[in-house]
$ cat final.txt   # compact mmCIF, C-alpha atoms and all ligand atoms
# COMPACT_ATOMS: atom_id res chain seq x y z
CA MET A 1 119.01 62.99 74.39
CA ASN A 2 120.66 62.75 71.00
CA TRP A 3 117.67 62.45 68.66
CA LEU A 4 118.14 61.30 65.08
CA VAL A 5 115.17 63.50 64.25
CA PRO A 6 114.20 66.03 66.96
CA LEU A 7 110.67 67.40 67.23
CA SER A 8 111.77 70.88 66.17
CA ASP A 9 114.98 72.77 65.64
CA ILE A 10 115.97 76.42 65.55
CA GLN A 11 117.76 77.99 62.64
CA PHE A 12 119.90 80.98 63.57
CA GLY A 13 122.67 82.15 61.27
CA PRO A 14 125.16 84.98 60.92
CA GLU A 15 122.24 87.40 60.31
CA GLU A 16 120.81 86.94 63.82
CA LYS A 17 124.29 87.01 65.38
CA GLY A 18 125.16 90.21 63.53
CA ALA A 19 121.88 91.85 64.52
CA VAL A 20 122.40 91.01 68.19
CA GLN A 21 125.97 92.28 68.07
CA ALA A 22 124.80 95.53 66.51
CA VAL A 23 122.36 96.04 69.39
CA LEU A 24 125.06 95.35 71.97
CA GLU A 25 127.38 97.80 70.26
CA SER A 26 124.65 100.45 70.05
CA GLY A 27 124.56 100.70 73.84
CA TRP A 28 120.72 100.73 73.93
CA LEU A 29 119.17 97.45 75.05
CA THR A 30 115.66 98.20 76.29
CA MET A 31 112.68 98.76 74.01
CA GLY A 32 113.53 101.42 71.41
CA GLU A 33 114.18 101.92 67.70
CA VAL A 34 114.89 98.25 66.80
CA THR A 35 111.61 97.19 68.42
CA HIS A 36 109.81 99.98 66.58
CA GLN A 37 111.25 98.71 63.27
CA PHE A 38 110.29 95.13 64.14
CA GLU A 39 106.71 96.28 64.79
CA GLN A 40 106.58 98.22 61.52
CA GLU A 41 107.84 95.20 59.58
CA PHE A 42 105.42 92.88 61.36
CA MET A 43 102.55 95.21 60.46
CA ALA A 44 103.69 95.26 56.83
CA TYR A 45 103.94 91.47 56.82
CA THR A 46 100.58 90.74 58.43
CA GLY A 47 98.68 93.74 57.16
CA ALA A 48 97.75 94.62 60.75
CA LYS A 49 97.05 98.28 61.51
CA HIS A 50 98.77 98.25 64.92
CA ALA A 51 101.37 95.91 66.41
CA PHE A 52 103.04 95.90 69.82
CA ALA A 53 106.02 93.65 70.48
CA VAL A 54 105.85 92.13 73.95
CA SER A 55 107.69 89.65 76.21
CA ASN A 56 105.70 86.60 75.05
CA ALA A 57 102.29 85.50 73.75
CA THR A 58 100.96 84.77 77.23
CA VAL A 59 101.18 88.45 78.18
CA ALA A 60 99.74 89.40 74.78
CA LEU A 61 96.71 87.24 75.58
CA HIS A 62 96.51 88.79 79.04
CA MET A 63 96.63 92.30 77.53
CA ALA A 64 93.73 91.40 75.23
CA CYS A 65 91.71 90.12 78.20
CA ALA A 66 92.72 93.06 80.42
CA ALA A 67 91.65 95.53 77.72
CA LEU A 68 88.14 94.09 78.01
CA ASP A 69 88.07 94.89 81.75
CA LEU A 70 87.11 91.31 82.55
CA LYS A 71 86.26 90.69 86.18
CA PRO A 72 85.27 87.80 88.48
CA GLY A 73 81.95 86.35 87.35
CA ASP A 74 82.68 87.04 83.67
CA GLU A 75 83.19 84.06 81.38
CA VAL A 76 85.36 83.66 78.30
CA ILE A 77 84.82 80.73 75.93
CA VAL A 78 88.12 79.01 75.06
CA PRO A 79 89.18 75.69 73.54
CA SER A 80 90.51 73.06 75.94
CA LEU A 81 92.80 71.57 73.27
CA THR A 82 95.40 74.33 73.45
CA PHE A 83 98.37 75.43 75.53
CA VAL A 84 97.40 76.40 79.08
CA ALA A 85 98.32 80.05 78.40
CA THR A 86 95.08 80.51 76.43
CA ALA A 87 93.02 79.83 79.55
CA ASN A 88 95.44 81.33 82.09
CA ALA A 89 95.22 84.70 80.35
CA VAL A 90 91.52 84.72 81.26
CA ARG A 91 92.18 83.61 84.84
CA TYR A 92 94.70 86.45 85.43
CA THR A 93 91.76 88.88 85.18
CA GLY A 94 89.63 86.94 87.70
CA ALA A 95 87.25 85.81 84.95
CA THR A 96 86.50 82.15 84.25
CA PRO A 97 87.52 80.24 81.11
CA VAL A 98 84.63 78.09 79.88
CA PHE A 99 85.75 75.29 77.61
CA ALA A 100 84.37 74.48 74.18
CA ASP A 101 85.01 71.38 72.11
CA ILE A 102 86.97 71.09 68.87
CA THR A 103 85.25 70.49 65.56
CA SER A 104 86.23 66.96 64.53
CA GLU A 105 89.03 64.48 64.09
CA SER A 106 90.02 66.25 60.89
CA ASP A 107 89.63 69.83 62.19
CA LEU A 108 91.17 70.34 65.63
CA THR A 109 90.07 73.97 65.97
CA ILE A 110 87.26 75.23 68.21
CA SER A 111 83.74 74.26 67.12
CA LEU A 112 81.15 76.99 66.60
CA ASP A 113 78.37 74.58 67.66
CA SER A 114 80.20 74.00 70.90
CA ILE A 115 80.81 77.74 71.40
CA LYS A 116 77.05 78.22 71.13
CA LYS A 117 76.49 75.60 73.83
CA ALA A 118 79.07 77.21 76.13
CA PHE A 119 77.45 80.64 75.73
CA THR A 120 75.71 82.05 78.82
CA PRO A 121 74.52 85.54 79.88
CA ARG A 122 77.92 85.89 81.60
CA SER A 123 79.95 85.26 78.40
CA ARG A 124 82.11 88.28 77.62
CA ALA A 125 84.48 87.07 74.89
CA ILE A 126 85.76 84.13 72.87
CA ILE A 127 89.39 83.13 72.41
CA VAL A 128 90.05 80.95 69.38
CA MET A 129 93.34 79.16 68.70
CA HIS A 130 94.55 78.43 65.17
CA TYR A 131 95.86 74.93 65.85
CA ALA A 132 99.15 74.20 64.04
CA GLY A 133 98.57 77.35 62.00
CA TYR A 134 95.30 76.10 60.42
CA ALA A 135 92.54 78.70 60.60
CA CYS A 136 89.48 78.36 62.77
CA ASP A 137 86.25 79.02 60.88
CA MET A 138 86.65 82.77 61.35
CA PRO A 139 83.85 83.99 59.04
CA ALA A 140 81.22 81.85 60.83
CA ILE A 141 82.60 82.43 64.35
CA LEU A 142 82.89 86.19 63.85
CA ALA A 143 79.38 86.45 62.38
CA TRP A 144 77.84 84.62 65.34
CA ALA A 145 80.02 86.50 67.86
CA LYS A 146 78.90 89.81 66.38
CA GLU A 147 75.23 88.87 66.75
CA ASN A 148 75.93 88.12 70.39
CA ASN A 149 78.19 91.09 71.06
CA LEU A 150 81.23 89.00 71.89
CA PRO A 151 84.72 90.17 70.93
CA VAL A 152 86.93 87.41 69.49
CA ILE A 153 90.58 87.23 70.54
CA GLU A 154 92.85 85.14 68.31
CA ASP A 155 95.54 83.02 69.90
CA ALA A 156 97.78 83.08 66.83
CA ALA A 157 100.81 81.57 68.59
CA HIS A 158 101.04 78.91 65.84
CA ALA A 159 99.96 81.13 63.00
CA VAL A 160 102.66 83.54 61.89
CA GLY A 161 102.46 83.30 58.11
CA SER A 162 98.95 81.74 58.12
CA TYR A 163 96.17 83.14 55.96
CA LEU A 164 92.50 82.63 55.33
CA ASP A 165 90.91 84.31 52.31
CA ASN A 166 94.22 86.15 51.81
CA ARG A 167 93.91 87.75 55.23
CA HIS A 168 96.59 87.02 57.83
CA LEU A 169 95.33 85.15 60.89
CA GLY A 170 95.40 87.32 63.99
CA THR A 171 93.95 90.27 62.04
CA TRP A 172 90.40 88.87 61.88
CA GLY A 173 89.22 89.41 65.43
CA MET A 174 89.56 92.10 68.08
CA ALA A 175 93.24 91.26 68.66
CA GLY A 176 95.77 88.65 67.53
CA CYS A 177 98.46 87.26 69.82
CA PHE A 178 101.65 85.76 68.37
CA SER A 179 104.40 83.77 70.10
CA PHE A 180 108.10 83.88 69.28
CA PHE A 181 109.03 81.11 71.74
CA SER A 182 112.03 78.93 70.73
CA ASN A 183 110.04 76.27 68.89
CA LYS A 184 107.84 78.72 66.95
CA ASN A 185 108.03 79.48 63.21
CA LEU A 186 109.49 82.90 64.04
CA SER A 187 111.70 82.48 67.07
CA THR A 188 113.37 85.01 69.34
CA GLY A 189 113.78 82.70 72.38
CA GLU A 190 111.03 84.47 74.29
CA GLY A 191 108.90 87.12 72.64
CA GLY A 192 105.51 87.90 71.21
CA MET A 193 103.37 90.42 69.36
CA ILE A 194 99.83 91.70 69.79
CA VAL A 195 98.08 93.19 66.77
CA THR A 196 94.77 94.99 66.34
CA GLU A 197 92.85 96.99 63.75
CA ASP A 198 91.19 99.11 66.43
CA ASP A 199 92.76 102.51 67.25
CA ALA A 200 91.24 102.77 70.74
CA LEU A 201 92.37 99.28 71.62
CA ALA A 202 95.87 100.07 70.33
CA GLU A 203 95.99 102.98 72.76
CA LYS A 204 95.07 100.60 75.59
CA PHE A 205 97.70 98.05 74.55
CA SER A 206 100.35 100.74 74.50
CA LEU A 207 99.50 101.63 78.12
CA LEU A 208 99.08 98.04 79.31
CA ARG A 209 102.50 97.05 77.96
CA SER A 210 104.44 99.56 80.02
CA HIS A 211 102.84 100.37 83.41
CA GLY A 212 100.22 102.66 81.91
CA MET A 213 102.98 105.24 81.32
CA THR A 214 102.34 107.91 78.73
CA SER A 215 105.98 108.04 77.57
CA LEU A 216 108.81 105.51 77.40
CA THR A 217 112.41 105.75 78.59
CA TRP A 218 113.30 105.72 74.89
CA ASP A 219 111.11 108.79 74.20
CA ARG A 220 112.86 110.64 76.99
CA HIS A 221 116.28 109.52 75.75
CA GLU A 222 115.39 110.84 72.31
CA GLY A 223 114.34 114.15 73.82
CA HIS A 224 110.65 113.68 72.87
CA ALA A 225 109.45 113.85 76.47
CA TRP A 226 110.69 115.04 79.88
CA SER A 227 108.34 113.20 82.16
CA TYR A 228 105.36 110.87 82.12
CA ASP A 229 101.95 110.33 83.59
CA VAL A 230 100.49 106.95 84.60
CA ALA A 231 97.11 106.82 82.90
CA ALA A 232 96.02 103.24 83.71
CA LEU A 233 97.08 100.09 85.52
CA GLY A 234 99.68 98.48 83.30
CA TYR A 235 102.44 95.92 83.44
CA ASN A 236 106.03 95.49 82.37
CA TYR A 237 105.30 93.33 79.32
CA ARG A 238 107.97 94.95 77.15
CA ILE A 239 110.32 93.13 74.80
CA ASP A 240 113.94 94.30 74.48
CA GLU A 241 116.09 95.29 71.54
CA ILE A 242 118.07 92.04 71.49
CA HIS A 243 114.94 89.93 71.02
CA SER A 244 113.50 92.41 68.50
CA ALA A 245 116.73 92.32 66.49
CA ILE A 246 116.51 88.53 66.26
CA GLY A 247 112.82 88.85 65.38
CA ARG A 248 113.54 91.15 62.44
CA GLU A 249 115.99 88.67 60.94
CA GLN A 250 113.66 85.74 61.57
CA LEU A 251 110.80 87.61 59.90
CA ARG A 252 112.94 87.97 56.78
CA LYS A 253 113.39 84.19 56.68
CA LEU A 254 109.80 83.35 57.55
CA ASN A 255 108.32 82.88 54.07
CA ALA A 256 111.15 80.60 52.94
CA ASN A 257 110.93 78.60 56.18
CA ASN A 258 107.14 78.28 55.99
CA THR A 259 107.41 77.16 52.36
CA ARG A 260 109.76 74.39 53.43
CA ARG A 261 107.37 73.46 56.26
CA ARG A 262 104.58 73.22 53.67
CA GLU A 263 106.67 70.94 51.43
CA ILE A 264 107.55 68.68 54.38
CA THR A 265 103.90 68.50 55.43
CA ALA A 266 102.86 67.59 51.87
CA LEU A 267 105.50 64.86 51.75
CA TYR A 268 104.35 63.54 55.13
CA ARG A 269 100.74 63.47 53.94
CA GLU A 270 101.66 61.60 50.77
CA MET A 271 103.93 59.05 52.49
CA LEU A 272 101.67 58.48 55.49
CA ALA A 273 98.67 57.86 53.20
CA GLN A 274 100.75 55.29 51.35
CA HIS A 275 102.48 53.53 54.26
CA CYS A 276 100.19 54.15 57.25
CA PRO A 277 96.62 54.32 55.93
CA ASP A 278 95.18 53.68 59.44
CA LEU A 279 96.63 56.94 60.70
CA GLY A 280 94.47 60.07 60.79
CA VAL A 281 96.12 63.20 59.40
CA PRO A 282 94.00 66.26 60.28
CA PHE A 283 93.39 69.34 58.14
CA ALA A 284 93.53 67.49 54.79
CA HIS A 285 90.95 69.85 53.28
CA HIS A 286 91.90 73.08 55.01
CA PRO A 287 90.72 76.13 53.04
CA GLY A 288 93.47 78.60 53.98
CA VAL A 289 97.27 78.78 53.92
CA SER A 290 98.76 77.30 57.07
CA ALA A 291 102.09 78.19 58.65
CA HIS A 292 102.44 74.44 59.31
CA HIS A 293 103.73 74.98 62.81
CA ILE A 294 103.40 71.32 63.87
CA MET A 295 102.54 67.94 62.32
CA PRO A 296 99.75 66.32 64.32
CA VAL A 297 98.56 62.78 63.54
CA ILE A 298 95.73 60.79 65.11
CA LEU A 299 96.38 57.17 66.08
CA PRO A 300 93.75 54.51 65.42
CA ASN A 301 91.41 53.85 68.35
CA SER A 302 93.04 50.54 69.18
CA ALA A 303 96.63 51.86 69.38
CA ASN A 304 98.46 52.29 72.67
CA ARG A 305 99.92 55.82 72.44
CA LEU A 306 102.58 55.35 75.09
CA GLN A 307 103.82 52.24 73.32
CA PHE A 308 103.77 54.11 69.99
CA MET A 309 105.85 56.98 71.37
CA GLU A 310 108.27 54.56 73.05
CA THR A 311 108.90 52.78 69.73
CA MET A 312 109.43 56.13 68.00
CA LYS A 313 112.00 56.91 70.69
CA THR A 314 113.86 53.65 70.03
CA HIS A 315 114.08 54.79 66.38
CA GLY A 316 115.67 58.05 67.62
CA ILE A 317 112.62 60.10 66.73
CA GLN A 318 111.18 62.63 69.14
CA THR A 319 107.43 62.98 69.33
CA SER A 320 105.12 65.05 71.49
CA ILE A 321 101.45 65.61 72.38
CA HIS A 322 99.45 68.72 71.51
CA TYR A 323 97.80 68.96 73.94
CA PRO A 324 96.84 67.42 77.23
CA PRO A 325 93.41 69.15 77.45
CA ILE A 326 93.37 72.04 79.90
CA HIS A 327 90.17 71.02 81.67
CA THR A 328 91.86 67.81 82.87
CA PHE A 329 94.73 69.60 84.68
CA THR A 330 94.73 69.48 88.50
CA ASP A 331 94.55 73.25 88.83
CA PHE A 332 91.48 73.40 86.57
CA ARG A 333 89.49 70.52 88.01
CA SER A 334 87.60 72.67 90.50
CA GLN A 335 86.60 74.96 87.67
CA PRO A 336 83.26 74.51 85.91
CA VAL A 337 83.98 72.94 82.52
CA GLY A 338 80.94 74.55 80.96
CA PRO A 339 77.81 73.04 79.53
CA ALA A 340 79.47 71.99 76.28
CA SER A 341 80.50 68.37 75.92
CA LEU A 342 84.22 67.97 75.31
CA GLU A 343 83.82 64.55 73.78
CA VAL A 344 85.88 65.18 70.62
CA THR A 345 88.63 66.97 72.56
CA GLU A 346 88.89 64.07 75.00
CA ASP A 347 88.96 61.48 72.22
CA ILE A 348 91.57 63.32 70.13
CA ALA A 349 93.71 64.31 73.13
CA ARG A 350 94.00 60.59 73.92
CA ARG A 351 95.10 59.67 70.38
CA GLU A 352 97.07 62.67 69.07
CA VAL A 353 100.84 62.45 68.49
CA THR A 354 102.97 65.24 67.04
CA LEU A 355 105.69 64.24 64.57
CA PRO A 356 108.90 66.22 63.91
CA LEU A 357 108.57 69.28 61.67
CA TYR A 358 111.09 72.07 61.12
CA PRO A 359 112.48 73.80 58.03
CA LEU A 360 115.91 72.13 58.16
CA MET A 361 114.35 68.66 58.06
CA THR A 362 115.37 66.72 54.95
CA ASP A 363 113.13 64.54 52.79
CA ALA A 364 115.23 61.57 53.93
CA GLN A 365 114.37 62.40 57.55
CA VAL A 366 110.66 62.51 56.67
CA GLU A 367 111.06 59.04 55.20
CA LEU A 368 112.84 57.86 58.37
CA VAL A 369 109.97 59.17 60.48
CA VAL A 370 107.30 57.57 58.29
CA ASN A 371 109.07 54.19 58.36
CA ALA A 372 109.32 54.47 62.15
CA VAL A 373 105.61 55.37 62.36
CA ALA A 374 104.71 52.26 60.34
CA ASP A 375 106.74 50.08 62.73
CA ALA A 376 105.43 51.87 65.84
CA LEU A 377 101.83 51.40 64.68
CA VAL A 378 102.34 47.64 64.39
CA LYS A 379 103.93 47.47 67.85
CA ALA A 380 101.24 49.67 69.44
CA ARG A 381 98.42 47.29 68.45
C1 LIG B 1 98.66 77.89 71.46
C2 LIG B 1 99.61 78.69 72.31
N1 LIG B 1 99.15 79.75 72.98
C3 LIG B 1 99.96 80.50 73.75
C4 LIG B 1 101.28 80.19 73.90
C5 LIG B 1 102.12 81.00 74.81
O1 LIG B 1 103.20 81.56 74.15
P1 LIG B 1 104.44 82.12 74.95
O2 LIG B 1 105.30 80.98 75.33
O3 LIG B 1 105.11 83.04 73.95
O4 LIG B 1 103.93 82.86 76.13
C6 LIG B 1 101.82 79.10 73.22
C7 LIG B 1 103.24 78.75 73.37
O5 LIG B 1 103.70 77.67 73.32
C8 LIG B 1 100.96 78.30 72.42
O6 LIG B 1 101.41 77.23 71.75
$ encode --input "final.txt" --output "C-alpha cells" --more "lines below"
Ligand SMILES: Cc1ncc(COP(=O)(O)O)c(C=O)c1O
Amino acid sequence: MNWLVPLSDIQFGPEEKGAVQAVLESGWLTMGEVTHQFEQEFMAYTGAKHAFAVSNATVALHMACAALDLKPGDEVIVPSLTFVATANAVRYTGATPVFADITSESDLTISLDSIKKAFTPRSRAIIVMHYAGYACDMPAILAWAKENNLPVIEDAAHAVGSYLDNRHLGTWGMAGCFSFFSNKNLSTGEGGMIVTEDDALAEKFSLLRSHGMTSLTWDRHEGHAWSYDVAALGYNYRIDEIHSAIGREQLRKLNANNTRRREITALYREMLAQHCPDLGVPFAHHPGVSAHHIMPVILPNSANRLQFMETMKTHGIQTSIHYPPIHTFTDFRSQPVGPASLEVTEDIARREVTLPLYPLMTDAQVELVVNAVADALVKAR
C-alpha cells in the first residue's frame, strides 16, 4: 500500500552502501574484523564491558536463557505485553514463561508488584522489556531480584540509545539483548547484539554463538589458531560482515536519529494534548532518556479500535498494535498464565494503537497524523 505516512521507514544512504561494497570487495563475508569493530564501537557507545553481535535479538535472548541452564520445570517471569520472542526464548530451553502484568496505563513496562505475585519456588529469572525504549523500574526490580536470587535479562530490542540514570539500558541486568531488525532505531535488516558486564557469562556467550567452538574460522584465517575444540553445546547464531558493516554506519547516525525521534515525540505529545485530550499518551513522566522507538497511544474506553484504525487508513496513515498479549495466542493458551492478574495488560492491549514514528518524518506529517487521529476518534465513538 502507498501510505501517506507509513508506520516506520528506514534511512540508508551512501555510507551504508559504501560499507557493504567494501565488505564485498574485501572477499571476507563471515564474522571477522568488521564484526569485531562493530562490537567494540557498540561497547563504547553503551558502556557495556562485553558485546557479541548475533543474527537477531531472538537468539540473543535465547543465549541469555541458555547460559542460565534453564530446564523443563523452571519458570521465567516475563511481560505478556511484548513481542513473542521474549517468551519464546524461554520456551526454547524447555522452561516455562510465567506472565506478569504491566504497571499502568501510563507506564507499559512490567510491574514489580506483579513480578512478586508471579514468583514461585520454581522461578529462575526475570526478563524485562523496555517498551518503546522507556526504562522499566530497574533499580527497584534489580533490588528485589537480588534479594530473591533471580538474574534479570533485559530485552532491549527497543532501547538502543535509551538511558536511565545516565546508564545505557541493557547494561543494568545480567545481559541486554538488542535488535537490529528493519524497523528498529539501528537497523541492519536482521541482526542483534548481546551485552554483559560479567566475564564468565561473556565466555559462555562466545561459545553459545558459534557451536561451542574455541576458535573461529576468522582466527584460523588470521593464523591465530590451527584447530578448535568444542567446549559446550552451542548454535550458529553468528552475524556476518555485511550486516555488521551496515550496523557500524547506523550506529554513527543513531544519536542524530534518536534526537529527531525525541523531537517528533514531543511534538506529538503537545499536539495530541491540544487536539485529542481524550487520548492517553503513556510515559509522560518517564525519568530516563528514551530511544523513542515507537509512539503508542491509548484510545478512550468507548472507542472502537478497528474503526479507528480503518479511518486512519482512509487518511493514508499506517498504524499498528504493540502488542497482542502473548498469553492470548493459540500456542500459549495451554500454558499456565501464572498467578498474577493480567488485568492492565488486557485492558491496554485492547486500546493501544501505535502511530507513525521515524527520523525522516516531518513536522507537517505529524500534524497530518494528529488531524487524522482527531477525525478517527470522532468516527470510532
Ligand atoms: C520487544 C522485542 N523483543 C524481541 C524482538 C526480536 O528481535 P529480532 O527480530 O531481532 O529477533 C523484537 C523484534 O521485533 C522486539 O520488538
$ residues_near_ligand --input "final.txt" --ligand "ligand LIG 1 (chain B)" --cutoff "10 Å" --atoms "all atoms listed in the file" --output "PyMOL selection string"
chain A and resi 54-62+79+81-89+128-133+154-159+177-184+187-193+293+322-323
$ closest_atom_pairs --input "final.txt" --of "range 58-159 of chain A" --to "range 345-362 of chain A" --cutoff "8 Å" --atoms "only C-alpha atoms" --output "Markdown table"
| residue | atom | partner | partner_atom | distance |
| --- | --- | --- | --- | --- |
| A:Ser80 | CA | A:Thr345 | CA | 7.2 |
| A:Leu81 | CA | A:Thr345 | CA | 6.2 |
| A:Asp101 | CA | A:Thr345 | CA | 5.7 |
| A:Ile102 | CA | A:Thr345 | CA | 5.8 |
| A:Glu105 | CA | A:Ile348 | CA | 6.7 |
$ closest_residue --input "final.txt" --among "A:Trp172, A:Phe308, A:Tyr268, A:Phe283" --to "Leu368 in chain A" --atoms "only C-alpha atoms"
A:Tyr268
$ closest_residue --input "final.txt" --among "A:Leu29, A:Ala145, A:Met295, A:Val195" --to "His243 in chain A" --atoms "only C-alpha atoms"
A:Leu29
$ closest_residue --input "final.txt" --among "A:Ala372, A:Ala266, A:Leu207, A:Ile194" --to "Glu310 in chain A" --atoms "only C-alpha atoms"
A:Ala372
$ atom_distance --input "final.txt" --atom1 "CA of Ala340 in chain A" --atom2 "CA of Lys117 in chain A"
5.3 Å
$ closest_residue --input "final.txt" --among "A:Leu112, A:Ala303, A:Val344, A:Met43" --to "Thr171 in chain A" --atoms "all atoms listed in the file"
A:Met43
$ axis_aligned_box --input "final.txt" --around "range 371-379 of chain A" --padding-each-side "6 Å" --output "lines of an AutoDock Vina configuration file"
center_x = 105.6
center_y = 51.4
center_z = 63.1
size_x = 19.5
size_y = 19.9
size_z = 21.5
$ atom_distance --input "final.txt" --atom1 "CA of Ser244 in chain A" --atom2 "CA of Thr35 in chain A"
5.1 Å
$ atom_distance --input "final.txt" --atom1 "CA of Phe42 in chain A" --atom2 "CA of Leu254 in chain A"
11.2 Å
$ residues_around --input "final.txt" --residues "Ile115 in chain A" --least-positions-apart "3" --cutoff "12 Å" --atoms "only C-alpha atoms" --output "compact mmCIF listing (two decimals) with C-alpha atoms, in the coordinates of the input"
# COMPACT_ATOMS: atom_id res chain seq x y z
CA VAL A 76 85.36 83.66 78.30
CA ILE A 77 84.82 80.73 75.93
CA VAL A 78 88.12 79.01 75.06
CA PRO A 79 89.18 75.69 73.54
CA SER A 80 90.51 73.06 75.94
CA VAL A 98 84.63 78.09 79.88
CA PHE A 99 85.75 75.29 77.61
CA ALA A 100 84.37 74.48 74.18
CA ASP A 101 85.01 71.38 72.11
CA ILE A 102 86.97 71.09 68.87
CA THR A 103 85.25 70.49 65.56
CA THR A 109 90.07 73.97 65.97
CA ILE A 110 87.26 75.23 68.21
CA SER A 111 83.74 74.26 67.12
CA LEU A 112 81.15 76.99 66.60
CA ALA A 118 79.07 77.21 76.13
CA PHE A 119 77.45 80.64 75.73
CA THR A 120 75.71 82.05 78.82
CA SER A 123 79.95 85.26 78.40
CA ALA A 125 84.48 87.07 74.89
CA ILE A 126 85.76 84.13 72.87
CA ILE A 127 89.39 83.13 72.41
CA VAL A 128 90.05 80.95 69.38
CA ASP A 137 86.25 79.02 60.88
CA ALA A 140 81.22 81.85 60.83
CA ILE A 141 82.60 82.43 64.35
CA LEU A 142 82.89 86.19 63.85
CA TRP A 144 77.84 84.62 65.34
CA ALA A 145 80.02 86.50 67.86
CA ASN A 148 75.93 88.12 70.39
CA LEU A 150 81.23 89.00 71.89
CA VAL A 152 86.93 87.41 69.49
CA GLY A 338 80.94 74.55 80.96
CA PRO A 339 77.81 73.04 79.53
CA ALA A 340 79.47 71.99 76.28
CA SER A 341 80.50 68.37 75.92
CA LEU A 342 84.22 67.97 75.31
$ residues_near_point --input "final.txt" --point "(95.8, 48.3, 64.3)" --cutoff "10 Å" --atoms "all atoms listed in the file" --output "ChimeraX atom specification"
/A:278-279,299-304,377-381
$ closest_residue --input "final.txt" --among "A:Thr311, A:Ala291, A:Met213, A:Pro14" --to "Tyr163 in chain A" --atoms "only C-alpha atoms"
A:Ala291
$ residues_around --input "final.txt" --residues "Gly32 in chain A" --least-positions-apart "2" --cutoff "7 Å" --atoms "all atoms listed in the file" --output "ChimeraX atom specification"
/A:30,34-36,218,241
$ closest_residue --input "final.txt" --among "A:Arg91, A:Lys116, A:Arg269, A:His211" --to "Pro282 in chain A" --atoms "all atoms listed in the file"
A:Arg269
$ residues_around --input "final.txt" --residues "His292 in chain A" --least-positions-apart "6" --cutoff "8 Å" --atoms "only C-alpha atoms" --output "MDAnalysis selection string"
chainID A and resid 132:134 258 261:262 265
$ residues_around --input "final.txt" --residues "Asp199 in chain A" --least-positions-apart "2" --cutoff "12 Å" --atoms "only C-alpha atoms" --output "PyMOL selection string"
chain A and resi 48-51+174-175+195-197+201-206
$ build_atoms --input "final.txt" --residues "range 69-85 of chain A" --atoms "N, CA and C atoms" --output "PDB file, in the coordinates of the input"
ATOM      1  N   ASP A  69      88.478  94.668  80.351  1.00  0.00           N
ATOM      2  CA  ASP A  69      88.070  94.890  81.750  1.00  0.00           C
ATOM      3  C   ASP A  69      87.295  93.701  82.304  1.00  0.00           C
ATOM      4  N   LEU A  70      87.777  92.511  82.022  1.00  0.00           N
ATOM      5  CA  LEU A  70      87.110  91.310  82.550  1.00  0.00           C
ATOM      6  C   LEU A  70      87.225  91.298  84.060  1.00  0.00           C
ATOM      7  N   LYS A  71      86.243  90.739  84.720  1.00  0.00           N
ATOM      8  CA  LYS A  71      86.260  90.690  86.180  1.00  0.00           C
ATOM      9  C   LYS A  71      85.670  89.358  86.665  1.00  0.00           C
ATOM     10  N   PRO A  72      85.845  89.047  87.960  1.00  0.00           N
ATOM     11  CA  PRO A  72      85.270  87.800  88.480  1.00  0.00           C
ATOM     12  C   PRO A  72      83.774  87.713  88.151  1.00  0.00           C
ATOM     13  N   GLY A  73      83.352  86.539  87.740  1.00  0.00           N
ATOM     14  CA  GLY A  73      81.950  86.350  87.350  1.00  0.00           C
ATOM     15  C   GLY A  73      81.795  86.359  85.836  1.00  0.00           C
ATOM     16  N   ASP A  74      82.722  87.045  85.144  1.00  0.00           N
ATOM     17  CA  ASP A  74      82.680  87.040  83.670  1.00  0.00           C
ATOM     18  C   ASP A  74      83.207  85.700  83.148  1.00  0.00           C
ATOM     19  N   GLU A  75      82.724  85.313  81.993  1.00  0.00           N
ATOM     20  CA  GLU A  75      83.190  84.060  81.380  1.00  0.00           C
ATOM     21  C   GLU A  75      83.760  84.333  79.979  1.00  0.00           C
ATOM     22  N   VAL A  76      84.786  83.579  79.645  1.00  0.00           N
ATOM     23  CA  VAL A  76      85.360  83.660  78.300  1.00  0.00           C
ATOM     24  C   VAL A  76      85.407  82.237  77.743  1.00  0.00           C
ATOM     25  N   ILE A  77      84.855  82.068  76.558  1.00  0.00           N
ATOM     26  CA  ILE A  77      84.820  80.730  75.930  1.00  0.00           C
ATOM     27  C   ILE A  77      86.154  80.471  75.244  1.00  0.00           C
ATOM     28  N   VAL A  78      86.795  79.362  75.610  1.00  0.00           N
ATOM     29  CA  VAL A  78      88.120  79.010  75.060  1.00  0.00           C
ATOM     30  C   VAL A  78      88.141  77.532  74.683  1.00  0.00           C
ATOM     31  N   PRO A  79      89.032  77.135  73.797  1.00  0.00           N
ATOM     32  CA  PRO A  79      89.180  75.690  73.540  1.00  0.00           C
ATOM     33  C   PRO A  79      89.929  75.058  74.719  1.00  0.00           C
ATOM     34  N   SER A  80      89.727  73.758  74.918  1.00  0.00           N
ATOM     35  CA  SER A  80      90.510  73.060  75.940  1.00  0.00           C
ATOM     36  C   SER A  80      91.745  72.441  75.293  1.00  0.00           C
ATOM     37  N   LEU A  81      91.669  72.163  73.982  1.00  0.00           N
ATOM     38  CA  LEU A  81      92.800  71.570  73.270  1.00  0.00           C
ATOM     39  C   LEU A  81      93.737  72.684  72.787  1.00  0.00           C
ATOM     40  N   THR A  82      94.460  73.242  73.747  1.00  0.00           N
ATOM     41  CA  THR A  82      95.400  74.330  73.450  1.00  0.00           C
ATOM     42  C   THR A  82      96.413  74.369  74.578  1.00  0.00           C
ATOM     43  N   PHE A  83      97.408  75.258  74.446  1.00  0.00           N
ATOM     44  CA  PHE A  83      98.370  75.430  75.530  1.00  0.00           C
ATOM     45  C   PHE A  83      97.664  76.176  76.673  1.00  0.00           C
ATOM     46  N   VAL A  84      98.075  75.875  77.884  1.00  0.00           N
ATOM     47  CA  VAL A  84      97.400  76.400  79.080  1.00  0.00           C
ATOM     48  C   VAL A  84      97.353  77.929  79.117  1.00  0.00           C
ATOM     49  N   ALA A  85      98.290  78.582  78.410  1.00  0.00           N
ATOM     50  CA  ALA A  85      98.320  80.050  78.400  1.00  0.00           C
ATOM     51  C   ALA A  85      96.999  80.649  77.928  1.00  0.00           C
TER      52      ALA A  85
END
